[in-house]
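*Asks:* One file is attached below, data19.pdb, containing PDB, N, CA and C atoms.
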```
ATOM      1  N   MET P1273     127.738  90.140  79.488
ATOM      2  CA  MET P1273     126.489  90.667  79.953
ATOM      3  C   MET P1273     125.441  89.586  79.830
ATOM      4  N   GLU P1274     124.471  89.648  80.736
ATOM      5  CA  GLU P1274     123.446  88.621  80.791
ATOM      6  C   GLU P1274     122.056  89.250  80.745
ATOM      7  N   LEU P1275     121.207  88.689  79.904
ATOM      8  CA  LEU P1275     119.809  89.096  79.840
ATOM      9  C   LEU P1275     119.001  87.942  80.408
ATOM     10  N   ILE P1276     118.365  88.166  81.526
ATOM     11  CA  ILE P1276     117.590  87.123  82.191
ATOM     12  C   ILE P1276     116.129  87.345  81.836
ATOM     13  N   PHE P1277     115.505  86.316  81.315
ATOM     14  CA  PHE P1277     114.150  86.375  80.794
ATOM     15  C   PHE P1277     113.266  85.429  81.595
ATOM     16  N   PHE P1278     112.300  85.997  82.315
ATOM     17  CA  PHE P1278     111.342  85.206  83.066
ATOM     18  C   PHE P1278     110.075  85.089  82.233
ATOM     19  N   SER P1279     109.669  83.848  81.961
ATOM     20  CA  SER P1279     108.529  83.598  81.082
ATOM     21  C   SER P1279     107.594  82.577  81.725
ATOM     22  N   SER P1280     106.482  82.341  81.042
ATOM     23  CA  SER P1280     105.576  81.266  81.425
ATOM     24  C   SER P1280     105.071  80.594  80.147
ATOM     25  N   ALA P1281     104.662  79.358  80.270
ATOM     26  CA  ALA P1281     104.363  78.526  79.115
ATOM     27  C   ALA P1281     103.250  79.076  78.227
ATOM     28  N   PHE P1282     102.215  79.634  78.799
ATOM     29  CA  PHE P1282     101.059  80.052  78.005
ATOM     30  C   PHE P1282     100.967  81.558  77.859
ATOM     31  N   CYS P1283     102.098  82.204  77.844
ATOM     32  CA  CYS P1283     102.180  83.670  77.805
ATOM     33  C   CYS P1283     102.453  84.123  76.371
ATOM     34  N   GLU P1284     101.449  84.683  75.720
ATOM     35  CA  GLU P1284     101.611  85.184  74.348
ATOM     36  C   GLU P1284     102.658  86.304  74.272
ATOM     37  N   PRO P1285     102.650  87.274  75.196
ATOM     38  CA  PRO P1285     103.694  88.305  75.160
ATOM     39  C   PRO P1285     105.110  87.732  75.328
ATOM     40  N   CYS P1286     105.210  86.572  75.987
ATOM     41  CA  CYS P1286     106.526  85.943  76.142
ATOM     42  C   CYS P1286     107.087  85.510  74.787
ATOM     43  N   LEU P1287     106.218  85.081  73.884
ATOM     44  CA  LEU P1287     106.668  84.705  72.541
ATOM     45  C   LEU P1287     107.258  85.910  71.820
ATOM     46  N   GLN P1288     106.611  87.049  71.962
ATOM     47  CA  GLN P1288     107.119  88.276  71.334
ATOM     48  C   GLN P1288     108.452  88.674  71.953
ATOM     49  N   THR P1289     108.543  88.588  73.272
ATOM     50  CA  THR P1289     109.780  88.941  73.970
ATOM     51  C   THR P1289     110.916  88.007  73.565
ATOM     52  N   ARG P1290     110.611  86.723  73.439
ATOM     53  CA  ARG P1290     111.619  85.739  73.033
ATOM     54  C   ARG P1290     112.208  86.102  71.666
ATOM     55  N   ALA P1291     111.354  86.540  70.743
ATOM     56  CA  ALA P1291     111.827  86.930  69.403
ATOM     57  C   ALA P1291     112.714  88.172  69.477
ATOM     58  N   ILE P1292     112.352  89.124  70.312
ATOM     59  CA  ILE P1292     113.164  90.340  70.476
ATOM     60  C   ILE P1292     114.525  89.983  71.058
ATOM     61  N   LEU P1293     114.536  89.119  72.068
ATOM     62  CA  LEU P1293     115.806  88.743  72.690
ATOM     63  C   LEU P1293     116.686  87.932  71.741
ATOM     64  N   ALA P1294     116.087  87.143  70.870
ATOM     65  CA  ALA P1294     116.867  86.410  69.867
ATOM     66  C   ALA P1294     117.551  87.392  68.920
ATOM     67  N   GLU P1295     116.851  88.445  68.561
ATOM     68  CA  GLU P1295     117.446  89.471  67.694
ATOM     69  C   GLU P1295     118.575  90.202  68.422
ATOM     70  N   VAL P1296     118.394  90.478  69.711
ATOM     71  CA  VAL P1296     119.449  91.131  70.491
ATOM     72  C   VAL P1296     120.686  90.237  70.534
ATOM     73  N   GLU P1297     120.496  88.948  70.758
ATOM     74  CA  GLU P1297     121.640  88.023  70.771
ATOM     75  C   GLU P1297     122.360  88.026  69.421
ATOM     76  N   ARG P1298     121.604  88.145  68.338
ATOM     77  CA  ARG P1298     122.205  88.182  67.005
ATOM     78  C   ARG P1298     123.011  89.461  66.799
ATOM     79  N   LEU P1299     122.477  90.590  67.293
ATOM     80  CA  LEU P1299     123.119  91.888  67.080
ATOM     81  C   LEU P1299     124.234  92.198  68.074
ATOM     82  N   VAL P1300     124.158  91.619  69.260
ATOM     83  CA  VAL P1300     125.124  91.922  70.330
ATOM     84  C   VAL P1300     125.790  90.609  70.762
ATOM     85  N   PRO P1301     126.920  90.285  70.183
ATOM     86  CA  PRO P1301     127.572  89.007  70.488
ATOM     87  C   PRO P1301     127.911  88.816  71.972
ATOM     88  N   ALA P1302     128.103  89.897  72.699
ATOM     89  CA  ALA P1302     128.434  89.783  74.126
ATOM     90  C   ALA P1302     127.223  89.448  74.989
ATOM     91  N   ALA P1303     126.031  89.466  74.418
ATOM     92  CA  ALA P1303     124.801  89.225  75.181
ATOM     93  C   ALA P1303     124.496  87.730  75.273
ATOM     94  N   THR P1304     124.192  87.294  76.478
ATOM     95  CA  THR P1304     123.767  85.925  76.716
ATOM     96  C   THR P1304     122.376  85.972  77.332
ATOM     97  N   VAL P1305     121.428  85.262  76.729
ATOM     98  CA  VAL P1305     120.072  85.220  77.249
ATOM     99  C   VAL P1305     119.875  83.927  78.032
ATOM    100  N   ARG P1306     119.355  84.072  79.246
ATOM    101  CA  ARG P1306     118.988  82.911  80.066
ATOM    102  C   ARG P1306     117.496  83.019  80.347
ATOM    103  N   GLU P1307     116.771  81.977  79.991
ATOM    104  CA  GLU P1307     115.324  81.996  80.185
ATOM    105  C   GLU P1307     114.942  81.100  81.349
ATOM    106  N   TYR P1308     114.057  81.612  82.195
ATOM    107  CA  TYR P1308     113.523  80.856  83.324
ATOM    108  C   TYR P1308     112.004  80.830  83.221
ATOM    109  N   ASP P1309     111.436  79.646  83.263
ATOM    110  CA  ASP P1309     109.980  79.498  83.316
ATOM    111  C   ASP P1309     109.580  79.617  84.782
ATOM    112  N   VAL P1310     108.711  80.573  85.099
ATOM    113  CA  VAL P1310     108.376  80.839  86.500
ATOM    114  C   VAL P1310     107.711  79.646  87.177
ATOM    115  N   ALA P1311     107.061  78.777  86.417
ATOM    116  CA  ALA P1311     106.434  77.592  87.008
ATOM    117  C   ALA P1311     107.471  76.563  87.449
ATOM    118  N   HIS P1312     108.561  76.452  86.687
ATOM    119  CA  HIS P1312     109.598  75.476  87.004
ATOM    120  C   HIS P1312     110.738  76.063  87.831
ATOM    121  N   ASP P1313     110.970  77.342  87.672
ATOM    122  CA  ASP P1313     112.075  78.007  88.373
ATOM    123  C   ASP P1313     111.523  79.068  89.323
ATOM    124  N   ASN P1314     110.520  78.667  90.127
ATOM    125  CA  ASN P1314     109.857  79.654  90.981
ATOM    126  C   ASN P1314     110.771  80.241  92.048
ATOM    127  N   ALA P1315     111.782  79.502  92.499
ATOM    128  CA  ALA P1315     112.708  80.054  93.486
ATOM    129  C   ALA P1315     113.515  81.208  92.880
ATOM    130  N   ALA P1316     113.967  81.035  91.637
ATOM    131  CA  ALA P1316     114.715  82.102  90.957
ATOM    132  C   ALA P1316     113.820  83.311  90.725
ATOM    133  N   ALA P1317     112.577  83.056  90.324
ATOM    134  CA  ALA P1317     111.630  84.155  90.081
ATOM    135  C   ALA P1317     111.328  84.908  91.376
ATOM    136  N   GLU P1318     111.127  84.181  92.437
ATOM    137  CA  GLU P1318     110.845  84.821  93.732
ATOM    138  C   GLU P1318     112.046  85.628  94.208
ATOM    139  N   ALA P1319     113.231  85.075  94.064
ATOM    140  CA  ALA P1319     114.447  85.777  94.485
ATOM    141  C   ALA P1319     114.646  87.070  93.702
ATOM    142  N   ALA P1320     114.213  87.081  92.434
ATOM    143  CA  ALA P1320     114.361  88.270  91.592
ATOM    144  C   ALA P1320     113.178  89.231  91.718
ATOM    145  N   GLY P1321     112.175  88.861  92.514
ATOM    146  CA  GLY P1321     111.029  89.741  92.706
ATOM    147  C   GLY P1321     110.110  89.814  91.499
ATOM    148  N   ILE P1322     110.006  88.724  90.761
ATOM    149  CA  ILE P1322     109.185  88.701  89.551
ATOM    150  C   ILE P1322     107.714  88.585  89.934
ATOM    151  N   ARG P1323     106.898  89.496  89.398
ATOM    152  CA  ARG P1323     105.458  89.515  89.687
ATOM    153  C   ARG P1323     104.615  89.174  88.471
ATOM    154  N   ASN P1324     105.183  89.335  87.259
ATOM    155  CA  ASN P1324     104.445  88.981  86.043
ATOM    156  C   ASN P1324     105.417  88.613  84.941
ATOM    157  N   THR P1325     104.877  87.988  83.916
ATOM    158  CA  THR P1325     105.690  87.599  82.765
ATOM    159  C   THR P1325     105.115  88.255  81.522
ATOM    160  N   PRO P1326     105.951  88.591  80.595
ATOM    161  CA  PRO P1326     107.405  88.467  80.601
ATOM    162  C   PRO P1326     108.067  89.579  81.419
ATOM    163  N   THR P1327     109.175  89.262  82.000
ATOM    164  CA  THR P1327     110.039  90.252  82.643
ATOM    165  C   THR P1327     111.468  89.937  82.219
ATOM    166  N   ILE P1328     112.207  90.975  81.848
ATOM    167  CA  ILE P1328     113.625  90.775  81.553
ATOM    168  C   ILE P1328     114.453  91.649  82.489
ATOM    169  N   ILE P1329     115.608  91.129  82.829
ATOM    170  CA  ILE P1329     116.580  91.843  83.644
ATOM    171  C   ILE P1329     117.898  91.797  82.889
ATOM    172  N   VAL P1330     118.537  92.944  82.737
ATOM    173  CA  VAL P1330     119.841  93.006  82.073
ATOM    174  C   VAL P1330     120.882  93.278  83.153
ATOM    175  N   ARG P1331     121.909  92.431  83.183
ATOM    176  CA  ARG P1331     123.004  92.576  84.146
ATOM    177  C   ARG P1331     124.312  92.759  83.395
ATOM    178  N   ASN P1332     125.146  93.634  83.943
ATOM    179  CA  ASN P1332     126.464  93.836  83.340
ATOM    180  C   ASN P1332     127.389  92.689  83.722
ATOM    181  N   THR P1333     128.628  92.743  83.288
ATOM    182  CA  THR P1333     129.560  91.641  83.553
ATOM    183  C   THR P1333     129.883  91.479  85.033
ATOM    184  N   ALA P1334     129.661  92.527  85.826
ATOM    185  CA  ALA P1334     129.868  92.433  87.273
ATOM    186  C   ALA P1334     128.644  91.858  87.980
ATOM    187  N   GLY P1335     127.581  91.576  87.222
ATOM    188  CA  GLY P1335     126.377  91.012  87.816
ATOM    189  C   GLY P1335     125.395  92.041  88.340
ATOM    190  N   GLU P1336     125.665  93.326  88.093
ATOM    191  CA  GLU P1336     124.781  94.386  88.570
ATOM    192  C   GLU P1336     123.630  94.587  87.605
ATOM    193  N   GLU P1337     122.426  94.740  88.155
ATOM    194  CA  GLU P1337     121.251  94.988  87.326
ATOM    195  C   GLU P1337     121.300  96.414  86.782
ATOM    196  N   VAL P1338     121.195  96.553  85.464
ATOM    197  CA  VAL P1338     121.208  97.882  84.843
ATOM    198  C   VAL P1338     119.877  98.217  84.182
ATOM    199  N   PHE P1339     119.001  97.203  84.040
ATOM    200  CA  PHE P1339     117.716  97.435  83.380
ATOM    201  C   PHE P1339     116.759  96.318  83.763
ATOM    202  N   ARG P1340     115.484  96.691  83.929
ATOM    203  CA  ARG P1340     114.420  95.715  84.191
ATOM    204  C   ARG P1340     113.180  96.191  83.461
ATOM    205  N   ALA P1341     112.514  95.269  82.793
ATOM    206  CA  ALA P1341     111.277  95.611  82.084
ATOM    207  C   ALA P1341     110.265  94.497  82.279
ATOM    208  N   ALA P1342     109.076  94.864  82.722
ATOM    209  CA  ALA P1342     107.955  93.925  82.789
ATOM    210  C   ALA P1342     107.082  94.212  81.573
ATOM    211  N   GLY P1343     106.632  93.174  80.913
ATOM    212  CA  GLY P1343     105.889  93.348  79.679
ATOM    213  C   GLY P1343     106.830  93.208  78.502
ATOM    214  N   VAL P1344     106.299  93.379  77.315
ATOM    215  CA  VAL P1344     107.102  93.211  76.101
ATOM    216  C   VAL P1344     107.933  94.480  75.868
ATOM    217  N   PRO P1345     109.251  94.359  75.937
ATOM    218  CA  PRO P1345     110.090  95.528  75.652
ATOM    219  C   PRO P1345     110.250  95.699  74.149
ATOM    220  N   THR P1346     110.640  96.878  73.741
ATOM    221  CA  THR P1346     110.968  97.079  72.336
ATOM    222  C   THR P1346     112.421  96.666  72.109
ATOM    223  N   LEU P1347     112.745  96.396  70.864
ATOM    224  CA  LEU P1347     114.127  96.076  70.528
ATOM    225  C   LEU P1347     115.037  97.237  70.919
ATOM    226  N   ALA P1348     114.597  98.458  70.665
ATOM    227  CA  ALA P1348     115.406  99.636  70.999
ATOM    228  C   ALA P1348     115.669  99.716  72.497
ATOM    229  N   GLN P1349     114.675  99.445  73.327
ATOM    230  CA  GLN P1349     114.870  99.489  74.780
ATOM    231  C   GLN P1349     115.937  98.494  75.212
ATOM    232  N   VAL P1350     115.871  97.292  74.682
ATOM    233  CA  VAL P1350     116.830  96.267  75.086
ATOM    234  C   VAL P1350     118.222  96.596  74.568
ATOM    235  N   LEU P1351     118.320  97.137  73.370
ATOM    236  CA  LEU P1351     119.639  97.515  72.840
ATOM    237  C   LEU P1351     120.272  98.632  73.664
ATOM    238  N   VAL P1352     119.469  99.612  74.091
ATOM    239  CA  VAL P1352     119.992 100.673  74.955
ATOM    240  C   VAL P1352     120.454 100.086  76.278
ATOM    241  N   ALA P1353     119.682  99.144  76.820
ATOM    242  CA  ALA P1353     120.064  98.505  78.081
ATOM    243  C   ALA P1353     121.364  97.722  77.929
ATOM    244  N   THR P1354     121.545  97.042  76.794
ATOM    245  CA  THR P1354     122.789  96.314  76.600
ATOM    246  C   THR P1354     123.972  97.268  76.476
ATOM    247  N   ALA P1355     123.744  98.417  75.879
ATOM    248  CA  ALA P1355     124.813  99.420  75.792
ATOM    249  C   ALA P1355     125.208  99.888  77.185
ATOM    250  N   LYS P1356     124.234 100.055  78.079
ATOM    251  CA  LYS P1356     124.532 100.457  79.466
ATOM    252  C   LYS P1356     125.322  99.360  80.195
ATOM    253  N   ALA P1357     125.083  98.123  79.812
ATOM    254  CA  ALA P1357     125.723  96.995  80.492
ATOM    255  C   ALA P1357     127.150  96.753  80.017
ATOM    256  N   LEU P1358     127.525  97.339  78.889
ATOM    257  CA  LEU P1358     128.884  97.105  78.364
ATOM    258  C   LEU P1358     129.930  97.863  79.138
TER     259      LEU P1358
END
```
Taking this structure as input, can you express it in the form of C-alpha cells?
*Replies:*
Amino acid sequence: MELIFFSSAFCEPCLQTRAILAEVERLVPAATVREYDVAHDNAAAEAAGIRNTPTIIVRNTAGEEVFRAAGVPTLAQVLVATAKAL
C-alpha cells in the first residue's frame, strides 16, 4: 500500500502531517510513504488534482485510491484508511 503525501516547503500543517505519516509507517509495516513537493513535482500534483497542501492519498496494492484527505489528517483517520487498503 502507498500513502502519497503532497506538501510544500513553507507549509506548517505539512510538518504535522509528516509526523503523523511517520507514525503510520512505524505502526503499519506494509505502508510506504511517498512525498511530493508541489513546487518541484507540479506535474504529479496536477495529475492527482491537488488544490492545497497537505493532501494525502492512500492507494491499495492494486493502485486504487481508497482515501484522500486535504488538510492535516488524524492518526486514526490514516490508520482506518490503511486498513481499507489492505
*Asks:* Step by step, gather every atom of stretch 1345-1353 of chain P that the file lists, find the box along x, y and z that holds them, add 5 Å on each side, and finally give centre and edge lengths in Å to one decimal, as JSON.
*Replies:*
```
{"center_x": 115.3, "center_y": 97.5, "center_z": 74.3, "size_x": 22.1, "size_y": 16.3, "size_z": 17.6}
```
*Asks:* Write out as a list in words all residues of chain P that DSSP puts in strand (DSSP E) for this structure's backbone.
*Replies:* Glu1274, Leu1275, Ile1276, Phe1277, Phe1278, Ser1279, Thr1304, Val1305, Arg1306, Glu1307, Tyr1308, Asp1309, Thr1327, Ile1328, Ile1329, Val1330, Arg1331, Glu1337, Val1338, Phe1339, Arg1340, Ala1341 and Ala1342 of chain P
*Asks:* Looking only at alpha helix (DSSP H) from DSSP on the backbone, list the matching residues of stretch 1291-1353 of chain P as an MDAnalysis selection string.
*Replies:* chainID P and resid 1291:1299 1314:1319 1347:1353
*Asks:* Have a look at P:Pro1301, P:Ala1319, P:Ala1334, P:Asn1324 and name the one nearest to P:Phe1278; count all atoms listed in the file.
*Replies:*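 Residue with the minimum atom-to-atom distance to P:Phe1278: P:Asn1324.
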*Asks:* Just so the selection is clear, what residues does the PyMOL selection byres ((chain P and resi 1274) around 7) cover here, as a list in words?
*Replies:* Met1273, Leu1275, Ile1276, Ala1302, Ala1303, Thr1304, Val1305, Arg1306, Ile1329, Val1330, Arg1331, Asn1332 and Thr1333 of chain P
*Asks:* Report as a PDB file with N, CA and C atoms, keeping the file's coordinate frame the full result of the PyMOL selection byres (((chain P and resi 1288 and name CA) around 12) and name CA) when it is applied to this structure.
*Replies:*
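Once everything was written out, this is out_25.pdb:
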```
ATOM      1  N   PHE P1277     115.505  86.316  81.315  1.00  0.00           N
ATOM      2  CA  PHE P1277     114.150  86.375  80.794  1.00  0.00           C
ATOM      3  C   PHE P1277     113.266  85.429  81.595  1.00  0.00           C
ATOM      4  N   SER P1279     109.669  83.848  81.961  1.00  0.00           N
ATOM      5  CA  SER P1279     108.529  83.598  81.082  1.00  0.00           C
ATOM      6  C   SER P1279     107.594  82.577  81.725  1.00  0.00           C
ATOM      7  N   CYS P1283     102.098  82.204  77.844  1.00  0.00           N
ATOM      8  CA  CYS P1283     102.180  83.670  77.805  1.00  0.00           C
ATOM      9  C   CYS P1283     102.453  84.123  76.371  1.00  0.00           C
ATOM     10  N   GLU P1284     101.449  84.683  75.720  1.00  0.00           N
ATOM     11  CA  GLU P1284     101.611  85.184  74.348  1.00  0.00           C
ATOM     12  C   GLU P1284     102.658  86.304  74.272  1.00  0.00           C
ATOM     13  N   PRO P1285     102.650  87.274  75.196  1.00  0.00           N
ATOM     14  CA  PRO P1285     103.694  88.305  75.160  1.00  0.00           C
ATOM     15  C   PRO P1285     105.110  87.732  75.328  1.00  0.00           C
ATOM     16  N   CYS P1286     105.210  86.572  75.987  1.00  0.00           N
ATOM     17  CA  CYS P1286     106.526  85.943  76.142  1.00  0.00           C
ATOM     18  C   CYS P1286     107.087  85.510  74.787  1.00  0.00           C
ATOM     19  N   LEU P1287     106.218  85.081  73.884  1.00  0.00           N
ATOM     20  CA  LEU P1287     106.668  84.705  72.541  1.00  0.00           C
ATOM     21  C   LEU P1287     107.258  85.910  71.820  1.00  0.00           C
ATOM     22  N   THR P1289     108.543  88.588  73.272  1.00  0.00           N
ATOM     23  CA  THR P1289     109.780  88.941  73.970  1.00  0.00           C
ATOM     24  C   THR P1289     110.916  88.007  73.565  1.00  0.00           C
ATOM     25  N   ARG P1290     110.611  86.723  73.439  1.00  0.00           N
ATOM     26  CA  ARG P1290     111.619  85.739  73.033  1.00  0.00           C
ATOM     27  C   ARG P1290     112.208  86.102  71.666  1.00  0.00           C
ATOM     28  N   ALA P1291     111.354  86.540  70.743  1.00  0.00           N
ATOM     29  CA  ALA P1291     111.827  86.930  69.403  1.00  0.00           C
ATOM     30  C   ALA P1291     112.714  88.172  69.477  1.00  0.00           C
ATOM     31  N   ILE P1292     112.352  89.124  70.312  1.00  0.00           N
ATOM     32  CA  ILE P1292     113.164  90.340  70.476  1.00  0.00           C
ATOM     33  C   ILE P1292     114.525  89.983  71.058  1.00  0.00           C
ATOM     34  N   LEU P1293     114.536  89.119  72.068  1.00  0.00           N
ATOM     35  CA  LEU P1293     115.806  88.743  72.690  1.00  0.00           C
ATOM     36  C   LEU P1293     116.686  87.932  71.741  1.00  0.00           C
ATOM     37  N   ALA P1294     116.087  87.143  70.870  1.00  0.00           N
ATOM     38  CA  ALA P1294     116.867  86.410  69.867  1.00  0.00           C
ATOM     39  C   ALA P1294     117.551  87.392  68.920  1.00  0.00           C
ATOM     40  N   GLU P1295     116.851  88.445  68.561  1.00  0.00           N
ATOM     41  CA  GLU P1295     117.446  89.471  67.694  1.00  0.00           C
ATOM     42  C   GLU P1295     118.575  90.202  68.422  1.00  0.00           C
ATOM     43  N   THR P1325     104.877  87.988  83.916  1.00  0.00           N
ATOM     44  CA  THR P1325     105.690  87.599  82.765  1.00  0.00           C
ATOM     45  C   THR P1325     105.115  88.255  81.522  1.00  0.00           C
ATOM     46  N   PRO P1326     105.951  88.591  80.595  1.00  0.00           N
ATOM     47  CA  PRO P1326     107.405  88.467  80.601  1.00  0.00           C
ATOM     48  C   PRO P1326     108.067  89.579  81.419  1.00  0.00           C
ATOM     49  N   THR P1327     109.175  89.262  82.000  1.00  0.00           N
ATOM     50  CA  THR P1327     110.039  90.252  82.643  1.00  0.00           C
ATOM     51  C   THR P1327     111.468  89.937  82.219  1.00  0.00           C
ATOM     52  N   GLY P1343     106.632  93.174  80.913  1.00  0.00           N
ATOM     53  CA  GLY P1343     105.889  93.348  79.679  1.00  0.00           C
ATOM     54  C   GLY P1343     106.830  93.208  78.502  1.00  0.00           C
ATOM     55  N   VAL P1344     106.299  93.379  77.315  1.00  0.00           N
ATOM     56  CA  VAL P1344     107.102  93.211  76.101  1.00  0.00           C
ATOM     57  C   VAL P1344     107.933  94.480  75.868  1.00  0.00           C
ATOM     58  N   PRO P1345     109.251  94.359  75.937  1.00  0.00           N
ATOM     59  CA  PRO P1345     110.090  95.528  75.652  1.00  0.00           C
ATOM     60  C   PRO P1345     110.250  95.699  74.149  1.00  0.00           C
ATOM     61  N   THR P1346     110.640  96.878  73.741  1.00  0.00           N
ATOM     62  CA  THR P1346     110.968  97.079  72.336  1.00  0.00           C
ATOM     63  C   THR P1346     112.421  96.666  72.109  1.00  0.00           C
ATOM     64  N   LEU P1347     112.745  96.396  70.864  1.00  0.00           N
ATOM     65  CA  LEU P1347     114.127  96.076  70.528  1.00  0.00           C
ATOM     66  C   LEU P1347     115.037  97.237  70.919  1.00  0.00           C
TER      67      LEU P1347
END
```
*Asks:* Could you state the separation of atom CA of P:Leu1351 and atom CA of P:Val1296 in Å, given to one decimal place?
*Replies:*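 Interatomic distance, atom CA of P:Leu1351 to atom CA of P:Val1296: 6.8 Å.
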*Asks:* Mind pulling up the distance from atom CA of P:Ala1348 to atom CA of P:Asn1314?
*Replies:*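 According to the coordinates, atom CA of P:Asn1314 and atom CA of P:Ala1348 are separated by 28.8 Å.
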*Asks:* For P:Ala1281, which of P:Leu1299, P:Ala1311, P:Leu1358, P:Val1352 is the closest residue, counting only N, CA and C atoms?
*Replies:*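 Among the listed residues, P:Ala1311 lies closest to P:Ala1281.
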*Asks:* Could you tell me how far atom N of P:Glu1337 lies from atom C of P:Ala1353, in Å and to one decimal?
*Replies:*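 Atom N of P:Glu1337 sits 10.7 Å away from atom C of P:Ala1353.
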*Asks:* Might you spell out which residues the PyMOL selection byres (((chain P and resi 1340 and name CA) around 6) and name CA) would select in the displayed file, as a PyMOL selection string?
*Replies:* chain P and resi 1328-1329+1339+1341
